[in-house]
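Written out below as structure tokens is the structure these notes cover.
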Amino acid sequence: MTQNALPDSSRRVETLLLGIILATLGFCWIYRKWLFGHFDVVFGNEGDAQGMIVVLEHWHHVFSGATPNWRSPPFFYPEPGVLGYTDTSILYALEYAALRALSFDPYVSFMTVLATLSILGFAGFMRLAIVDFEISGPNAAVGAFLFAFANMMTMKMEHAQSYCAMLLPFVIHMTAAAYRSRGRLHSIVLGFAAGLLLGLMLFSAYLISWFFVTGMMLTAVFLLILFGPRRTYLWVHDLLTTKRYAVLGLAAGLAVGLAPFFYTYLPVLLQGRRRAFSEVREFSPRFADIVNIGDINWMWTKLFRTLGISDLTRRPRAEVSLGYTPGVAAVCVLFMIVAWRRWCKNAVALSARDTVLLAIGFTMITYWLLQLDYNGFMPWRIIWTIFPGAGAIRTTFRAQIVLNLGAALIVAAALDALLLQGYNVGRARIAAAALAVFLVAEQTADPASAFSRSEQLAWQSRIPAPPDGCRYFYVTPKPTLGGSGVWGQDQTEPMIVAVMKQIPTVNGYSTWSPIGWNIRHPADDSYPQGVRDWVTTRDLKEGICGLDPRGGQWKIGLP
């Protein structure tokens, strides 16, 4: 990375003002229905978002001392360690639990956590771009907008785990600061902080963090190629000698951060859990999805529907509509072409920063190409088979959320290059400003899905306390319908009741389910027998009762 390049005092005000303006615009646009709708909107759906809120509420009970076993949330009862079946969201829980302790309700607390992450992502990107990539303040602010408020982030609001990506600039910045530091203790502390944060991110939101780690590994490979043998040798020698304290600090912090990860997930791993490759294929992107901006982008959706790019018929909408907006993609490609031509002419003449950005660009392209289906052959199958942790991932295109950090850095650097290399300063500024406005305007998407906080709280208030003798419960067969009816809602509703009423349920919804648990769909004819089988095999002889969540009726005994 490059040396510290904070702007002088005369430019800091300009940078700060533009940053505040763009951050405010992006924040108010994405969160407008929440901010200006009496804080009633909750991003996501009543399946995935409610499931995450259950986990966060469980952490609130853990931190307050109401729940002694942090690895066993009150679902899939009495299976132990079921937190290992899903993302733990521990980093989200720190702010969430504090807000709950201040008497904010679960939904306001959840949305506030997402809003905080968006602001942190914007600020962290600006710091990373200015200090570590020597990008000017105004263009760093544009890049921060493209990172924190990107079209793809709006598409992924229904999967709030994706917002853990907003912490990635801090990991990279602290790592770079540790590398630059000349003080032994300072280098160790910064490296430790970066490693600890990365480890806790893996513990909080596995997919995003796994994509980041593998993306960095691939970028390192491209860097070794672009630097050549001599520069690579000097870099590695530097890491092992003068920069060894940064490496040691990073490794130590990562080890500490990963300790709870292995404690939670190793038992699940030892059960042999992994995704079938047919699931990976089902969620895999097509070639044109690299610019698939979905069906809610104000600028591009109509055109792309005509071209067939945004046709989401019978496709997993929230998993394949994660492409770069066309302007961002075009700028990245042009920057890479120019940088590649300069490298081919004289590799040494290409600055270290632009070499890093070129390597990041190659990583973005390679990651996309690995996921495509080539007449029945998917290169990703090799990764799925041999690479540690890949078997737990089916939605590979979510890597775009991580790779967009690289795209935003490339765009910001390209805007700087346009200003610096223009023959006419005035025209160059106008061109750069016009391009920046266009790139920002491309991100005008609506939130993909949302539900009502007031409706949720009203529904929960109508559920009476469980009857005497009821110690755990199941959803009664063929329950009353309500809500949006999204996939998973029939399981997340009893989970919400369980965590709010603090009474465990045998129902549940997560990435994995316990072995022998066969009560997935309460509307199925086989569901009552599945409940009876689960209760019998788990020796739950007394205290069982049923609940119709939407009907608000309790029933003593088995179905």
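Labels used: A, B, ... for chains in the order of the structure tokens, numbers from 1 for residues in each chain, and numbers from 1 for ligands as shown.
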**Request:** List the neighbours of range 125-138 of chain A out to 9 Å using only C-alpha atoms; skip same-chain residues closer than 3 positions along the sequence, and give me the result as a PyMOL selection string.
**Result:** chain A and resi 1-7+11-12+14-16+18-19+120-122+141-145+147-148+166+168-170+172-173+176-177+353-354+405+408-409+412-413+416
**Message:** Env of Ala465 in chain A: 10 Å cut, atoms = only C-alpha atoms, seq-sep filter 2 positions within chain, self excluded. Answer as an MDAnalysis selection string.
**Reply:** chainID A and resid 461:463 467:468 470 501 503 552:554
How about saving the chosen residues, C-alpha atoms kept, as a compact mmCIF listing (two decimals), in the first residue's frame?
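Written out: selection31.txt:
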```
# COMPACT_ATOMS: atom_id res chain seq x y z
CA SER A 461 -49.31 -8.62 21.36
CA ARG A 462 -52.37 -10.73 20.44
CA ILE A 463 -50.67 -13.99 21.41
CA PRO A 467 -51.06 -22.19 29.46
CA ASP A 468 -49.89 -23.63 32.76
CA CYS A 470 -46.57 -25.67 28.80
CA LYS A 501 -42.02 -15.24 25.30
CA ILE A 503 -40.42 -20.55 25.79
CA GLY A 552 -53.34 -16.98 18.83
CA GLN A 553 -54.65 -20.29 20.17
CA TRP A 554 -52.73 -22.68 22.42
```
**Request:** Pick out the residues sitting within 7 Å of range 327-336 of chain A, and hand them over as a list of chain:residue names; count only C-alpha atoms, and ignore anything fewer than 4 positions along from it in its own chain.
**Result:** A:Trp340, A:Leu358, A:Gly361, A:Ala407, A:Ile410, A:Val411, A:Ala414, A:Leu439
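Closest approach to Ser118 in chain A among A:Ser187, A:Thr88, A:Asn139, A:Thr154 is made by A:Thr154 (distances from only C-alpha atoms).
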**Request:** Do a neighbour search on Phe76 in chain A at 10 Å with only C-alpha atoms, toss out local chain neighbours closer than 4 positions, and write the hits as a PyMOL selection string.
**Result:** chain A and resi 72+80-82+474+495+504-510+513-514+517+519+534
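Residue nearest Pro388 in chain A within the list A:Leu415, A:Phe451, A:Leu269, A:Leu35: A:Leu269 [criterion: smallest interatomic distance, only C-alpha atoms].
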**Request:** For Val291 in chain A, list every protein, DNA or RNA residue within 12 Å, evaluated using only C-alpha atoms, and leave out those in the same chain fewer than 5 positions away; present the list as a ChimeraX atom specification.
**Result:** /A:151-152,285-286,297,300-301,304,307-310,320-330,368,400,442
Just the selected residues (C-alpha atoms), exported as a PDB file, in the first residue's frame, please.
```
ATOM      1  CA  ASN A 151     -27.609  -0.977  -6.246  1.00  0.00           C
ATOM      2  CA  MET A 152     -26.587  -4.491  -5.193  1.00  0.00           C
ATOM      3  CA  PRO A 285     -25.156 -16.640 -12.223  1.00  0.00           C
ATOM      4  CA  ARG A 286     -25.344 -16.454 -15.994  1.00  0.00           C
ATOM      5  CA  ASN A 297     -33.411   0.094 -10.739  1.00  0.00           C
ATOM      6  CA  TRP A 300     -31.616   0.581 -16.239  1.00  0.00           C
ATOM      7  CA  THR A 301     -34.367  -1.952 -15.489  1.00  0.00           C
ATOM      8  CA  PHE A 304     -32.309  -4.523 -19.423  1.00  0.00           C
ATOM      9  CA  LEU A 307     -32.498  -7.081 -23.570  1.00  0.00           C
ATOM     10  CA  GLY A 308     -33.410 -10.063 -21.391  1.00  0.00           C
ATOM     11  CA  ILE A 309     -30.677  -9.343 -18.843  1.00  0.00           C
ATOM     12  CA  SER A 310     -33.032  -8.539 -15.976  1.00  0.00           C
ATOM     13  CA  VAL A 320     -28.534 -13.168  -9.298  1.00  0.00           C
ATOM     14  CA  SER A 321     -29.386  -9.439  -9.401  1.00  0.00           C
ATOM     15  CA  LEU A 322     -26.051  -8.472  -7.891  1.00  0.00           C
ATOM     16  CA  GLY A 323     -24.299  -7.158 -10.973  1.00  0.00           C
ATOM     17  CA  TYR A 324     -22.397  -3.900 -11.252  1.00  0.00           C
ATOM     18  CA  THR A 325     -24.326  -1.019 -12.740  1.00  0.00           C
ATOM     19  CA  PRO A 326     -23.261  -0.505 -16.385  1.00  0.00           C
ATOM     20  CA  GLY A 327     -21.363   2.717 -15.718  1.00  0.00           C
ATOM     21  CA  VAL A 328     -19.357   1.186 -12.884  1.00  0.00           C
ATOM     22  CA  ALA A 329     -18.590  -1.889 -14.988  1.00  0.00           C
ATOM     23  CA  ALA A 330     -17.488   0.235 -17.961  1.00  0.00           C
ATOM     24  CA  TRP A 368     -17.228 -14.190 -11.918  1.00  0.00           C
ATOM     25  CA  GLN A 400     -20.238  -9.480  -5.591  1.00  0.00           C
ATOM     26  CA  GLU A 442     -27.209   4.684 -11.390  1.00  0.00           C
TER      27      GLU A 442
END
```
**Message:** Residues near His61 in chain A, anyone? I mean within 12 Å using only C-alpha atoms, not counting same-chain ones fewer than 3 positions away, as a VMD selection string.
**Reply:** chain A and resid 54 to 58 64 to 70 72 to 74 93 to 94 96 to 98 100 to 101 499 to 502
Taking the chain letters and numbering used in this document, name the residues of range 1-170 of chain A that DSSP puts in alpha helix (DSSP H), as a CSV table (one decimal) with N, CA and C atoms, in the first residue's frame.
```csv
chain,number,residue,atom,x,y,z
A,9,SER,N,-5.0,20.8,5.0
A,9,SER,CA,-6.2,21.4,5.7
A,9,SER,C,-7.1,22.2,4.8
A,10,SER,N,-6.6,22.7,3.7
A,10,SER,CA,-7.4,23.5,2.7
A,10,SER,C,-8.4,22.6,2.0
A,11,ARG,N,-8.0,21.3,1.9
A,11,ARG,CA,-8.9,20.3,1.1
A,11,ARG,C,-9.7,19.5,2.1
A,12,ARG,N,-9.4,19.5,3.3
A,12,ARG,CA,-10.1,18.6,4.3
A,12,ARG,C,-11.6,19.1,4.4
A,13,VAL,N,-11.8,20.4,4.4
A,13,VAL,CA,-13.2,20.9,4.5
A,13,VAL,C,-14.0,20.5,3.3
A,14,GLU,N,-13.4,20.6,2.1
A,14,GLU,CA,-14.0,20.2,0.8
A,14,GLU,C,-14.4,18.7,0.9
A,15,THR,N,-13.4,17.9,1.3
A,15,THR,CA,-13.6,16.4,1.5
A,15,THR,C,-14.7,16.1,2.5
A,16,LEU,N,-14.7,16.8,3.6
A,16,LEU,CA,-15.7,16.5,4.6
A,16,LEU,C,-17.1,16.9,4.2
A,17,LEU,N,-17.2,18.1,3.5
A,17,LEU,CA,-18.5,18.5,3.1
A,17,LEU,C,-19.1,17.6,2.0
A,18,LEU,N,-18.3,17.3,1.0
A,18,LEU,CA,-18.8,16.4,0.0
A,18,LEU,C,-19.1,15.0,0.6
A,19,GLY,N,-18.3,14.5,1.5
A,19,GLY,CA,-18.6,13.3,2.1
A,19,GLY,C,-19.9,13.3,2.9
A,20,ILE,N,-20.1,14.3,3.6
A,20,ILE,CA,-21.4,14.5,4.3
A,20,ILE,C,-22.6,14.5,3.4
A,21,ILE,N,-22.4,15.3,2.3
A,21,ILE,CA,-23.5,15.5,1.3
A,21,ILE,C,-23.9,14.1,0.7
A,22,LEU,N,-22.8,13.4,0.2
A,22,LEU,CA,-23.1,12.1,-0.5
A,22,LEU,C,-23.6,11.1,0.5
A,23,ALA,N,-23.0,11.1,1.7
A,23,ALA,CA,-23.5,10.1,2.7
A,23,ALA,C,-24.9,10.4,3.1
A,24,THR,N,-25.3,11.6,3.2
A,24,THR,CA,-26.7,12.0,3.5
A,24,THR,C,-27.6,11.6,2.4
A,25,LEU,N,-27.2,11.9,1.2
A,25,LEU,CA,-28.1,11.5,0.0
A,25,LEU,C,-28.3,10.0,-0.1
A,26,GLY,N,-27.2,9.3,0.0
A,26,GLY,CA,-27.3,7.8,-0.1
A,26,GLY,C,-28.1,7.3,1.1
A,27,PHE,N,-27.8,7.7,2.3
A,27,PHE,CA,-28.5,7.2,3.5
A,27,PHE,C,-30.0,7.5,3.4
A,28,CYS,N,-30.4,8.8,3.1
A,28,CYS,CA,-31.8,9.2,3.0
A,28,CYS,C,-32.5,8.5,1.9
A,29,TRP,N,-31.8,8.2,0.8
A,29,TRP,CA,-32.4,7.5,-0.3
A,29,TRP,C,-32.7,6.0,0.1
A,30,ILE,N,-31.7,5.3,0.5
A,30,ILE,CA,-31.9,3.9,0.8
A,30,ILE,C,-32.9,3.7,2.0
A,32,ARG,N,-35.2,5.8,3.1
A,32,ARG,CA,-36.2,6.8,3.1
A,32,ARG,C,-37.5,6.3,3.7
A,33,LYS,N,-37.9,5.0,3.3
A,33,LYS,CA,-39.2,4.5,3.8
A,33,LYS,C,-39.2,4.2,5.3
A,34,TRP,N,-38.0,4.0,5.8
A,34,TRP,CA,-37.9,3.9,7.3
A,34,TRP,C,-37.9,5.2,8.0
A,35,LEU,N,-37.0,6.1,7.4
A,35,LEU,CA,-36.9,7.4,8.1
A,35,LEU,C,-38.1,8.3,8.0
A,48,ASP,N,-36.3,-14.6,6.3
A,48,ASP,CA,-34.8,-14.5,6.7
A,48,ASP,C,-34.6,-13.3,7.7
A,49,ALA,N,-35.2,-12.2,7.5
A,49,ALA,CA,-35.0,-11.1,8.4
A,49,ALA,C,-35.5,-11.4,9.8
A,50,GLN,N,-36.7,-12.1,9.9
A,50,GLN,CA,-37.2,-12.5,11.2
A,50,GLN,C,-36.2,-13.5,11.9
A,51,GLY,N,-35.7,-14.4,11.1
A,51,GLY,CA,-34.7,-15.4,11.6
A,51,GLY,C,-33.5,-14.7,12.2
A,52,MET,N,-33.0,-13.7,11.5
A,52,MET,CA,-31.9,-12.9,12.1
A,52,MET,C,-32.2,-12.2,13.3
A,53,ILE,N,-33.4,-11.6,13.4
A,53,ILE,CA,-33.8,-10.9,14.6
A,53,ILE,C,-34.0,-11.8,15.8
A,54,VAL,N,-34.4,-13.1,15.5
A,54,VAL,CA,-34.4,-14.1,16.6
A,54,VAL,C,-33.1,-14.3,17.2
A,55,VAL,N,-32.1,-14.4,16.3
A,55,VAL,CA,-30.7,-14.6,16.8
A,55,VAL,C,-30.2,-13.4,17.6
A,56,LEU,N,-30.5,-12.2,17.1
A,56,LEU,CA,-30.1,-11.0,17.8
A,56,LEU,C,-30.8,-10.9,19.1
A,57,GLU,N,-32.1,-11.2,19.2
A,57,GLU,CA,-32.8,-11.2,20.4
A,57,GLU,C,-32.2,-12.2,21.4
A,58,HIS,N,-31.8,-13.3,20.9
A,58,HIS,CA,-31.2,-14.4,21.7
A,58,HIS,C,-29.9,-13.8,22.4
A,59,TRP,N,-29.1,-13.1,21.6
A,59,TRP,CA,-27.9,-12.5,22.1
A,59,TRP,C,-28.2,-11.4,23.2
A,60,HIS,N,-29.3,-10.7,23.0
A,60,HIS,CA,-29.8,-9.7,24.0
A,60,HIS,C,-30.1,-10.4,25.3
A,61,HIS,N,-30.7,-11.6,25.2
A,61,HIS,CA,-31.0,-12.3,26.5
A,61,HIS,C,-29.7,-12.9,27.1
A,62,VAL,N,-28.8,-13.3,26.3
A,62,VAL,CA,-27.5,-13.8,26.8
A,62,VAL,C,-26.8,-12.7,27.5
A,63,PHE,N,-26.7,-11.5,26.9
A,63,PHE,CA,-25.9,-10.4,27.5
A,63,PHE,C,-26.6,-9.9,28.8
A,64,SER,N,-27.9,-10.0,28.8
A,64,SER,CA,-28.6,-9.5,30.0
A,64,SER,C,-28.7,-10.6,31.1
A,90,ILE,N,-22.8,-11.9,15.8
A,90,ILE,CA,-22.4,-11.4,17.0
A,90,ILE,C,-22.0,-9.9,16.9
A,91,LEU,N,-21.4,-9.5,15.9
A,91,LEU,CA,-21.0,-8.1,15.7
A,91,LEU,C,-22.2,-7.2,15.6
A,92,TYR,N,-23.3,-7.7,15.0
A,92,TYR,CA,-24.5,-6.9,15.0
A,92,TYR,C,-25.1,-6.8,16.4
A,93,ALA,N,-25.0,-7.9,17.1
A,93,ALA,CA,-25.6,-8.0,18.4
A,93,ALA,C,-25.1,-7.0,19.5
A,94,LEU,N,-23.8,-6.6,19.3
A,94,LEU,CA,-23.3,-5.6,20.2
A,94,LEU,C,-24.1,-4.3,20.3
A,95,GLU,N,-24.4,-3.8,19.1
A,95,GLU,CA,-25.2,-2.5,19.1
A,95,GLU,C,-26.7,-2.9,19.4
A,96,TYR,N,-27.2,-4.0,18.8
A,96,TYR,CA,-28.6,-4.4,19.0
A,96,TYR,C,-28.9,-4.6,20.5
A,97,ALA,N,-28.1,-5.3,21.2
A,97,ALA,CA,-28.3,-5.5,22.6
A,97,ALA,C,-28.3,-4.2,23.4
A,98,ALA,N,-27.4,-3.3,23.1
A,98,ALA,CA,-27.4,-2.0,23.8
A,98,ALA,C,-28.6,-1.2,23.5
A,99,LEU,N,-29.2,-1.3,22.3
A,99,LEU,CA,-30.4,-0.6,22.0
A,99,LEU,C,-31.6,-1.2,22.7
A,100,ARG,N,-31.6,-2.5,22.8
A,100,ARG,CA,-32.7,-3.2,23.5
A,100,ARG,C,-32.6,-2.9,25.0
A,101,ALA,N,-31.4,-2.8,25.5
A,101,ALA,CA,-31.3,-2.4,26.9
A,101,ALA,C,-31.8,-1.0,27.2
A,106,PRO,N,-37.4,-4.6,19.1
A,106,PRO,CA,-36.5,-5.4,18.3
A,106,PRO,C,-36.3,-4.8,16.9
A,107,TYR,N,-37.4,-4.3,16.3
A,107,TYR,CA,-37.3,-3.9,14.9
A,107,TYR,C,-36.6,-2.6,14.7
A,108,VAL,N,-36.9,-1.6,15.6
A,108,VAL,CA,-36.1,-0.4,15.5
A,108,VAL,C,-34.6,-0.7,15.8
A,109,SER,N,-34.3,-1.5,16.7
A,109,SER,CA,-32.9,-1.9,17.0
A,109,SER,C,-32.3,-2.5,15.8
A,110,PHE,N,-33.0,-3.4,15.1
A,110,PHE,CA,-32.4,-4.1,13.9
A,110,PHE,C,-32.1,-3.1,12.8
A,111,MET,N,-33.1,-2.2,12.5
A,111,MET,CA,-32.9,-1.3,11.5
A,111,MET,C,-31.8,-0.3,11.8
A,112,THR,N,-31.7,0.1,13.1
A,112,THR,CA,-30.6,1.0,13.5
A,112,THR,C,-29.2,0.4,13.3
A,113,VAL,N,-29.1,-0.9,13.5
A,113,VAL,CA,-27.8,-1.6,13.3
A,113,VAL,C,-27.5,-1.5,11.8
A,114,LEU,N,-28.4,-1.8,10.9
A,114,LEU,CA,-28.2,-1.7,9.5
A,114,LEU,C,-27.7,-0.3,9.1
A,115,ALA,N,-28.5,0.7,9.6
A,115,ALA,CA,-28.1,2.1,9.3
A,115,ALA,C,-26.7,2.4,9.8
A,116,THR,N,-26.4,2.0,10.9
A,116,THR,CA,-25.0,2.2,11.5
A,116,THR,C,-24.0,1.6,10.6
A,117,LEU,N,-24.2,0.4,10.1
A,117,LEU,CA,-23.2,-0.3,9.3
A,117,LEU,C,-23.1,0.4,7.9
A,118,SER,N,-24.2,1.0,7.4
A,118,SER,CA,-24.0,1.8,6.2
A,118,SER,C,-23.1,3.0,6.3
A,119,ILE,N,-23.3,3.7,7.4
A,119,ILE,CA,-22.5,4.9,7.7
A,119,ILE,C,-21.0,4.5,8.0
A,120,LEU,N,-20.8,3.4,8.7
A,120,LEU,CA,-19.5,2.9,8.9
A,120,LEU,C,-18.8,2.5,7.6
A,121,GLY,N,-19.6,1.8,6.7
A,121,GLY,CA,-19.0,1.5,5.4
A,121,GLY,C,-18.6,2.7,4.6
A,122,PHE,N,-19.4,3.7,4.6
A,122,PHE,CA,-19.1,4.9,3.9
A,122,PHE,C,-17.8,5.6,4.5
A,123,ALA,N,-17.8,5.7,5.8
A,123,ALA,CA,-16.6,6.4,6.4
A,123,ALA,C,-15.4,5.5,6.3
A,124,GLY,N,-15.5,4.2,6.5
A,124,GLY,CA,-14.3,3.3,6.4
A,124,GLY,C,-13.8,3.3,5.0
A,125,PHE,N,-14.6,3.4,4.0
A,125,PHE,CA,-14.1,3.4,2.6
A,125,PHE,C,-13.3,4.7,2.4
A,126,MET,N,-13.9,5.8,2.8
A,126,MET,CA,-13.2,7.1,2.6
A,126,MET,C,-11.8,7.0,3.2
A,127,ARG,N,-11.7,6.6,4.4
A,127,ARG,CA,-10.4,6.5,5.1
A,127,ARG,C,-9.5,5.6,4.3
A,137,GLY,N,-9.9,13.3,-1.9
A,137,GLY,CA,-11.1,13.3,-1.0
A,137,GLY,C,-12.4,13.2,-1.7
A,138,PRO,N,-12.7,14.1,-2.7
A,138,PRO,CA,-14.0,14.1,-3.4
A,138,PRO,C,-14.2,12.8,-4.1
A,139,ASN,N,-13.2,12.3,-4.8
A,139,ASN,CA,-13.4,11.0,-5.5
A,139,ASN,C,-13.5,9.8,-4.6
A,140,ALA,N,-12.9,9.9,-3.4
A,140,ALA,CA,-13.0,8.9,-2.4
A,140,ALA,C,-14.5,8.9,-1.9
A,141,ALA,N,-15.1,10.1,-1.8
A,141,ALA,CA,-16.5,10.2,-1.4
A,141,ALA,C,-17.4,9.5,-2.4
A,142,VAL,N,-17.1,9.7,-3.7
A,142,VAL,CA,-17.9,9.1,-4.7
A,142,VAL,C,-17.8,7.6,-4.6
A,143,GLY,N,-16.5,7.1,-4.5
A,143,GLY,CA,-16.3,5.6,-4.3
A,143,GLY,C,-17.0,5.1,-3.1
A,144,ALA,N,-17.0,5.9,-2.0
A,144,ALA,CA,-17.7,5.4,-0.8
A,144,ALA,C,-19.2,5.3,-1.0
A,145,PHE,N,-19.8,6.2,-1.8
A,145,PHE,CA,-21.2,6.1,-2.1
A,145,PHE,C,-21.5,4.8,-2.9
A,146,LEU,N,-20.6,4.5,-3.9
A,146,LEU,CA,-20.8,3.3,-4.8
A,146,LEU,C,-20.6,2.0,-4.0
A,147,PHE,N,-19.9,2.1,-2.9
A,147,PHE,CA,-19.7,0.9,-2.0
A,147,PHE,C,-20.8,0.8,-1.0
A,148,ALA,N,-21.1,1.8,-0.2
A,148,ALA,CA,-22.1,1.7,0.9
A,148,ALA,C,-23.5,1.7,0.4
A,151,ASN,N,-26.4,-0.3,-5.8
A,151,ASN,CA,-27.6,-1.0,-6.2
A,151,ASN,C,-27.7,-2.4,-5.7
A,152,MET,N,-26.6,-3.1,-5.7
A,152,MET,CA,-26.6,-4.5,-5.2
A,152,MET,C,-26.8,-4.5,-3.7
A,153,MET,N,-26.4,-3.5,-2.9
A,153,MET,CA,-26.7,-3.5,-1.5
A,153,MET,C,-28.2,-3.3,-1.2
A,154,THR,N,-28.8,-2.6,-2.1
A,154,THR,CA,-30.3,-2.4,-2.0
A,154,THR,C,-31.0,-3.8,-2.3
A,155,MET,N,-30.5,-4.5,-3.3
A,155,MET,CA,-31.0,-5.8,-3.6
A,155,MET,C,-30.9,-6.8,-2.5
A,168,LEU,N,-15.3,-4.3,6.1
A,168,LEU,CA,-14.1,-4.8,5.4
A,168,LEU,C,-13.1,-3.6,5.2
A,169,PRO,N,-13.5,-2.4,4.9
A,169,PRO,CA,-12.5,-1.3,4.8
A,169,PRO,C,-11.6,-1.2,6.0
A,170,PHE,N,-12.2,-1.4,7.2
A,170,PHE,CA,-11.5,-1.3,8.4
A,170,PHE,C,-10.4,-2.4,8.6
```
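Using only C-alpha atoms, the nearest neighbour of Thr536 in chain A within the list A:Thr395, A:Val221, A:Pro78, A:Gln271 is A:Pro78.
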**Prompt:** Which of these, A:Val338, A:Leu418, A:Leu202, A:Val497, has the shortest distance to Gly389 in chain A once you count only C-alpha atoms?
**Reply:** A:Leu202
